[in-house]
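Notes for the one structure printed next.
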Amino acid sequence: MTEKESHVKHFLDLIQQSRRGKFKVYIGMSAGVGKTFRMLQEAHTLMRNGIDVKIGYIETHNRKETHALLEGLPVIPRRKLFYKGKELEELDIQAVISLRPEIVIIDELAHTNIEGSKNDKRWQDVMEILDAGINVISAVNIQHIESLNEEVKDITGVEVKERIPDSVLASADEVVNIDLTADELITRLKEGKIYAPEKVPTALGNFFTSNNILQLRELALKEVASQVVRKVETQISSRGLTALKPNRFMACISSNAVTAKNVIRKTARLASYYNSPWVLLYVQTPKESTDKIALDKQRHLINNFKLATELGGEIIRVESPHVSRVIMETAEQRHITTICIGKPHMNLFRVILATNIFNQLLKKLSVSEIDLVILS
């Protein structure tokens, strides 16, 4: 791309950004903290101020206080679909875009759409509505953030299946944390304000323990804080002010599927926290050529590439028997500030240790002021 073409593209990007709708997300540590309640309260306030606001999709979970707030708010009819003999309802994207309200409220951002829908996920519906120039207010729980999947699983023992890419939250113009103490949330649960009475004992013994809530609350607070830092840095940059030296992260993986996934998610979290670009480097050694690597490993590798792409990473794939050398060269070419690898049991780490280049790698990283992070 020539310099002239680059300037044209930048101007077109600015125009596109100005046309895009504004995006506000309420985030909480778990179900029941009051995200939907707050969105409906805001909808009433907006209406009183003469704003054309409509309900695109809201999920009250039959909570009386929340359901009562729907009264008086204009609701866009949901799209009805038949799936496995049942009539189900989904957000009607075309109806939202056709009606063009100033603001639309869309709950359950991480929801998986029914088979046959235009998009697989509701967050994709929201992106489409934003691109149409309509402002959106939505909500999500912290456990649905893709790069936090492993941390949430370690905390709760549950692997959350419905997740949104970190880039979705990063695209929000405003992120608001709905916070409650552990005691307040447990009291709400016992009072039947979150789940039906028969489900309360199970919830208290599993997901809603004080320890789980405290750790999830910490994750939510950290996430919102990092979003604030990101917005501040973006504004500093947009105003032409001097910002700190940009960080650039590089995750290095092998075909070890489990460890690779962990390295990808943690590197993505670091990059998200510092509002920095990151790349994924996979060095395919002769032992991992397509005719020698097992089919299940190939499938896992492809899935990890897909995960990295969803988390905003750029994939770099190099065929070479010299893993350490490729890492050094790639780090220099991409101006990487931090290299992330897995802990010692990882295949890649063993390969590095088995070569005579490892000391050269450490020396080069030291001279270049590149950090090496070993992720657990």
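The chains in the structure tokens are called A, B, ... from first to last as shown; in each chain the residues are counted from 1, and the ligands are counted from 1 in the order shown.
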* To do: Could you tell me, as a PyMOL selection string, which residues of segment 43-185 of chain A DSSP assigns to helix (DSSP H, G or I) when given the backbone?
  => chain A and resi 43-48+64-68+93-99+122-131+142-144+146-156+166-170+182-185
* Would you kindly return, as number ranges by chain, each protein, DNA or RNA residue with an atom no farther than 9 Å from any atom of segment 32-49 of chain A, considering only C-alpha atoms and excluding same-chain residues fewer than 3 positions away? => A: 26-29, 52-55, 58-60, 65-67, 69-70, 72-73, 103-105, 107-108, 137-141, 177-180, 184-185, 188-189, 193-195
* To do: Do a neighbour search on segment 244-255 of chain A at 9 Å with only C-alpha atoms, toss out local chain neighbours closer than 6 positions, and write the hits as number ranges by chain.
  => A: 233, 261, 263-264, 266-268, 270-271, 274-284, 288, 293, 297-298, 300-301, 313, 327, 331, 334-342, 346-348
Residues from the last selection, N, CA and C atoms, saved as a short mmCIF file (atom, residue, chain, number, x, y, z; two decimals), in the first residue's frame:
```
data_model
loop_
_atom_site.label_atom_id
_atom_site.label_comp_id
_atom_site.auth_asym_id
_atom_site.auth_seq_id
_atom_site.Cartn_x
_atom_site.Cartn_y
_atom_site.Cartn_z
N GLU A 233 -5.70 5.68 26.89
CA GLU A 233 -4.56 5.62 25.98
C GLU A 233 -4.98 5.92 24.55
N LYS A 261 -3.37 -23.59 24.16
CA LYS A 261 -4.59 -22.83 24.40
C LYS A 261 -4.41 -21.89 25.59
N VAL A 263 -1.52 -20.65 26.74
CA VAL A 263 -0.58 -19.59 26.36
C VAL A 263 -1.30 -18.53 25.51
N ILE A 264 -2.16 -18.98 24.61
CA ILE A 264 -2.90 -18.05 23.74
C ILE A 264 -3.80 -17.15 24.58
N LYS A 266 -3.71 -16.42 27.83
CA LYS A 266 -3.00 -15.54 28.76
C LYS A 266 -2.26 -14.42 28.03
N THR A 267 -1.72 -14.73 26.87
CA THR A 267 -1.06 -13.68 26.08
C THR A 267 -2.09 -12.65 25.61
N ALA A 268 -3.25 -13.15 25.19
CA ALA A 268 -4.33 -12.25 24.77
C ALA A 268 -4.77 -11.36 25.92
N LEU A 270 -2.86 -10.35 28.46
CA LEU A 270 -1.80 -9.35 28.63
C LEU A 270 -1.92 -8.25 27.58
N ALA A 271 -2.12 -8.67 26.34
CA ALA A 271 -2.24 -7.70 25.24
C ALA A 271 -3.46 -6.81 25.44
N TYR A 274 -2.79 -4.21 28.22
CA TYR A 274 -1.91 -3.11 27.80
C TYR A 274 -2.39 -2.45 26.51
N ASN A 275 -3.56 -2.89 26.03
CA ASN A 275 -4.11 -2.33 24.79
C ASN A 275 -3.08 -2.41 23.66
N SER A 276 -2.52 -3.61 23.49
CA SER A 276 -1.40 -3.80 22.57
C SER A 276 -1.68 -4.89 21.55
N PRO A 277 -1.03 -4.80 20.39
CA PRO A 277 -1.17 -5.87 19.40
C PRO A 277 -0.38 -7.10 19.83
N TRP A 278 -0.76 -8.26 19.31
CA TRP A 278 -0.01 -9.48 19.63
C TRP A 278 -0.06 -10.44 18.45
N VAL A 279 0.95 -11.30 18.40
CA VAL A 279 1.02 -12.30 17.33
C VAL A 279 1.20 -13.68 17.95
N LEU A 280 0.80 -14.67 17.19
CA LEU A 280 1.00 -16.07 17.59
C LEU A 280 2.02 -16.68 16.65
N LEU A 281 3.10 -17.22 17.21
CA LEU A 281 4.13 -17.87 16.40
C LEU A 281 4.10 -19.37 16.60
N TYR A 282 3.95 -20.10 15.51
CA TYR A 282 4.05 -21.56 15.55
C TYR A 282 5.16 -21.98 14.61
N VAL A 283 6.20 -22.58 15.18
CA VAL A 283 7.31 -23.07 14.36
C VAL A 283 7.10 -24.57 14.13
N GLN A 284 6.85 -24.91 12.89
CA GLN A 284 6.61 -26.31 12.55
C GLN A 284 7.95 -26.99 12.26
N GLU A 288 6.94 -32.22 13.22
CA GLU A 288 5.53 -31.84 13.26
C GLU A 288 4.98 -31.53 11.87
N ILE A 293 2.49 -35.58 11.89
CA ILE A 293 1.69 -35.23 13.05
C ILE A 293 0.32 -35.90 12.98
N LYS A 297 -4.04 -33.91 16.49
CA LYS A 297 -3.18 -32.77 16.82
C LYS A 297 -3.31 -31.67 15.76
N GLN A 298 -3.45 -32.08 14.50
CA GLN A 298 -3.65 -31.10 13.44
C GLN A 298 -4.96 -30.33 13.67
N HIS A 300 -6.54 -29.88 16.56
CA HIS A 300 -6.39 -29.00 17.73
C HIS A 300 -5.58 -27.76 17.37
N LEU A 301 -4.57 -27.95 16.52
CA LEU A 301 -3.72 -26.83 16.11
C LEU A 301 -4.54 -25.80 15.34
N GLY A 313 -5.30 -11.95 17.67
CA GLY A 313 -3.91 -12.22 17.35
C GLY A 313 -3.68 -12.46 15.86
N ILE A 327 12.32 -17.72 16.65
CA ILE A 327 11.75 -16.84 17.67
C ILE A 327 12.50 -15.52 17.72
N ALA A 331 10.89 -11.97 16.55
CA ALA A 331 10.78 -10.92 17.58
C ALA A 331 11.41 -9.62 17.10
N ARG A 334 9.24 -8.06 14.13
CA ARG A 334 7.93 -7.52 14.56
C ARG A 334 8.05 -6.54 15.73
N HIS A 335 9.25 -6.20 16.13
CA HIS A 335 9.48 -5.26 17.24
C HIS A 335 8.73 -5.71 18.51
N ILE A 336 8.85 -6.99 18.80
CA ILE A 336 8.19 -7.60 19.96
C ILE A 336 8.86 -7.12 21.26
N THR A 337 8.05 -6.79 22.26
CA THR A 337 8.60 -6.40 23.56
C THR A 337 8.51 -7.53 24.59
N THR A 338 7.58 -8.45 24.40
CA THR A 338 7.40 -9.55 25.34
C THR A 338 7.09 -10.86 24.61
N ILE A 339 7.91 -11.87 24.89
CA ILE A 339 7.70 -13.21 24.33
C ILE A 339 7.08 -14.08 25.42
N CYS A 340 5.99 -14.77 25.07
CA CYS A 340 5.29 -15.63 26.03
C CYS A 340 5.37 -17.09 25.59
N ILE A 341 5.84 -17.94 26.50
CA ILE A 341 5.89 -19.38 26.21
C ILE A 341 5.31 -20.13 27.40
N GLY A 342 5.08 -21.42 27.19
CA GLY A 342 4.51 -22.24 28.25
C GLY A 342 5.56 -22.69 29.26
N MET A 346 6.09 -27.96 28.50
CA MET A 346 5.66 -27.73 27.13
C MET A 346 6.70 -28.22 26.13
N ASN A 347 6.23 -28.83 25.03
CA ASN A 347 7.13 -29.36 24.01
C ASN A 347 8.08 -28.29 23.48
N LEU A 348 7.55 -27.09 23.24
CA LEU A 348 8.37 -26.01 22.69
C LEU A 348 9.53 -25.68 23.61
#
```
* Asked: Would you give me, as a ChimeraX atom specification, the residues in segment 17-168 of chain A that DSSP reads as strand (DSSP E)?
  -> /A:23-28,53-57,79-83,86-90,103-106,135-141
Next, dump the selected residues to file, keeping only N, CA, C and O atoms, as a short mmCIF file (atom, residue, chain, number, x, y, z; two decimals), in the first residue's frame.
```
data_model
loop_
_atom_site.label_atom_id
_atom_site.label_comp_id
_atom_site.auth_asym_id
_atom_site.auth_seq_id
_atom_site.Cartn_x
_atom_site.Cartn_y
_atom_site.Cartn_z
N PHE A 23 -21.57 2.00 21.59
CA PHE A 23 -21.78 0.70 22.22
C PHE A 23 -21.47 0.78 23.71
O PHE A 23 -20.36 1.13 24.11
N LYS A 24 -22.49 0.49 24.52
CA LYS A 24 -22.32 0.49 25.97
C LYS A 24 -22.59 -0.90 26.51
O LYS A 24 -23.58 -1.54 26.13
N VAL A 25 -21.72 -1.38 27.39
CA VAL A 25 -21.86 -2.73 27.94
C VAL A 25 -21.85 -2.69 29.46
O VAL A 25 -20.95 -2.12 30.07
N TYR A 26 -22.88 -3.31 30.04
CA TYR A 26 -22.89 -3.53 31.48
C TYR A 26 -22.28 -4.90 31.75
O TYR A 26 -22.66 -5.89 31.11
N ILE A 27 -21.33 -4.94 32.66
CA ILE A 27 -20.64 -6.20 32.96
C ILE A 27 -20.78 -6.50 34.45
O ILE A 27 -20.80 -5.59 35.28
N GLY A 28 -20.91 -7.77 34.77
CA GLY A 28 -21.05 -8.16 36.18
C GLY A 28 -20.30 -9.44 36.47
O GLY A 28 -19.87 -10.15 35.56
N VAL A 53 -35.80 5.06 22.27
CA VAL A 53 -35.17 3.83 22.72
C VAL A 53 -36.16 2.68 22.65
O VAL A 53 -37.34 2.85 22.96
N LYS A 54 -35.69 1.53 22.19
CA LYS A 54 -36.55 0.35 22.07
C LYS A 54 -35.87 -0.88 22.65
O LYS A 54 -34.63 -0.95 22.69
N ILE A 55 -36.67 -1.83 23.06
CA ILE A 55 -36.16 -3.10 23.59
C ILE A 55 -36.03 -4.09 22.44
O ILE A 55 -37.04 -4.48 21.84
N GLY A 56 -34.80 -4.46 22.10
CA GLY A 56 -34.58 -5.44 21.04
C GLY A 56 -34.72 -6.85 21.56
O GLY A 56 -35.39 -7.71 20.97
N TYR A 57 -34.11 -7.09 22.72
CA TYR A 57 -34.23 -8.41 23.37
C TYR A 57 -33.86 -8.24 24.83
O TYR A 57 -32.79 -7.73 25.15
N ARG A 79 -38.16 -12.51 16.61
CA ARG A 79 -38.32 -13.40 15.46
C ARG A 79 -38.59 -14.81 15.96
O ARG A 79 -37.89 -15.30 16.85
N LYS A 80 -39.59 -15.47 15.41
CA LYS A 80 -39.96 -16.82 15.86
C LYS A 80 -39.37 -17.87 14.92
O LYS A 80 -39.44 -17.72 13.70
N LEU A 81 -38.78 -18.91 15.50
CA LEU A 81 -38.20 -20.00 14.70
C LEU A 81 -38.63 -21.33 15.31
O LEU A 81 -38.83 -21.44 16.53
N PHE A 82 -38.75 -22.33 14.46
CA PHE A 82 -39.03 -23.68 14.94
C PHE A 82 -37.73 -24.47 14.96
O PHE A 82 -37.00 -24.52 13.98
N TYR A 83 -37.44 -25.06 16.10
CA TYR A 83 -36.22 -25.84 16.25
C TYR A 83 -36.52 -27.09 17.07
O TYR A 83 -36.98 -27.00 18.21
N LYS A 86 -40.01 -27.25 18.51
CA LYS A 86 -40.44 -26.20 19.44
C LYS A 86 -40.34 -24.83 18.78
O LYS A 86 -39.46 -24.59 17.97
N GLU A 87 -41.28 -23.95 19.16
CA GLU A 87 -41.23 -22.58 18.68
C GLU A 87 -40.38 -21.76 19.65
O GLU A 87 -40.70 -21.66 20.83
N LEU A 88 -39.30 -21.22 19.14
CA LEU A 88 -38.39 -20.43 19.96
C LEU A 88 -38.29 -19.01 19.40
O LEU A 88 -38.68 -18.75 18.27
N GLU A 89 -37.77 -18.10 20.23
CA GLU A 89 -37.68 -16.70 19.82
C GLU A 89 -36.25 -16.18 19.87
O GLU A 89 -35.48 -16.55 20.75
N GLU A 90 -35.93 -15.32 18.91
CA GLU A 90 -34.61 -14.71 18.84
C GLU A 90 -34.74 -13.22 18.54
O GLU A 90 -35.80 -12.74 18.12
N ILE A 103 -31.50 4.21 20.15
CA ILE A 103 -30.83 3.25 21.03
C ILE A 103 -31.67 1.98 21.14
O ILE A 103 -32.90 2.05 21.29
N VAL A 104 -31.03 0.84 21.08
CA VAL A 104 -31.72 -0.43 21.26
C VAL A 104 -31.06 -1.19 22.42
O VAL A 104 -29.84 -1.20 22.54
N ILE A 105 -31.89 -1.79 23.27
CA ILE A 105 -31.40 -2.57 24.41
C ILE A 105 -31.38 -4.04 24.00
O ILE A 105 -32.41 -4.60 23.60
N ILE A 106 -30.22 -4.66 24.10
CA ILE A 106 -30.08 -6.07 23.72
C ILE A 106 -29.35 -6.82 24.82
O ILE A 106 -28.16 -6.60 25.05
N ASN A 135 -27.19 2.83 18.02
CA ASN A 135 -26.53 2.69 19.32
C ASN A 135 -27.11 1.51 20.09
O ASN A 135 -28.32 1.27 20.06
N VAL A 136 -26.23 0.79 20.79
CA VAL A 136 -26.65 -0.43 21.49
C VAL A 136 -26.19 -0.40 22.95
O VAL A 136 -25.06 -0.01 23.25
N ILE A 137 -27.10 -0.80 23.84
CA ILE A 137 -26.75 -1.05 25.25
C ILE A 137 -26.95 -2.53 25.49
O ILE A 137 -28.02 -3.08 25.20
N SER A 138 -25.93 -3.19 26.00
CA SER A 138 -26.00 -4.65 26.20
C SER A 138 -25.39 -5.03 27.54
O SER A 138 -24.94 -4.16 28.30
N ALA A 139 -25.36 -6.34 27.82
CA ALA A 139 -24.83 -6.81 29.10
C ALA A 139 -24.21 -8.19 28.95
O ALA A 139 -24.61 -8.99 28.09
N VAL A 140 -23.22 -8.45 29.81
CA VAL A 140 -22.53 -9.75 29.79
C VAL A 140 -21.92 -10.02 31.16
O VAL A 140 -21.60 -9.08 31.90
N ASN A 141 -21.78 -11.28 31.51
CA ASN A 141 -21.10 -11.66 32.75
C ASN A 141 -19.62 -11.90 32.48
O ASN A 141 -19.25 -12.33 31.38
#
```
* Nearest-residue call for Lys222 of chain A, choices A:Thr187, A:Gln94, A:Ser272, A:Thr209, using only C-alpha atoms ->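 Once distances to Lys222 of chain A are computed over only C-alpha atoms, the minimum belongs to A:Ser272.
Distance-wise, atom CA of Ile370 of chain A and atom CA of Val228 of chain A end up 26.3 Å apart.
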* Quick one: distance from atom CA of Ala225 of chain A to atom CA of Arg19 of chain A in Å, one decimal? ->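 If I compute the distance from atom CA of Ala225 of chain A to atom CA of Arg19 of chain A, I get 27.2 Å.
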* How far is it from atom CA of Ile145 of chain A to atom CA of Ile164 of chain A, in Å with one decimal? -> 5.4 Å
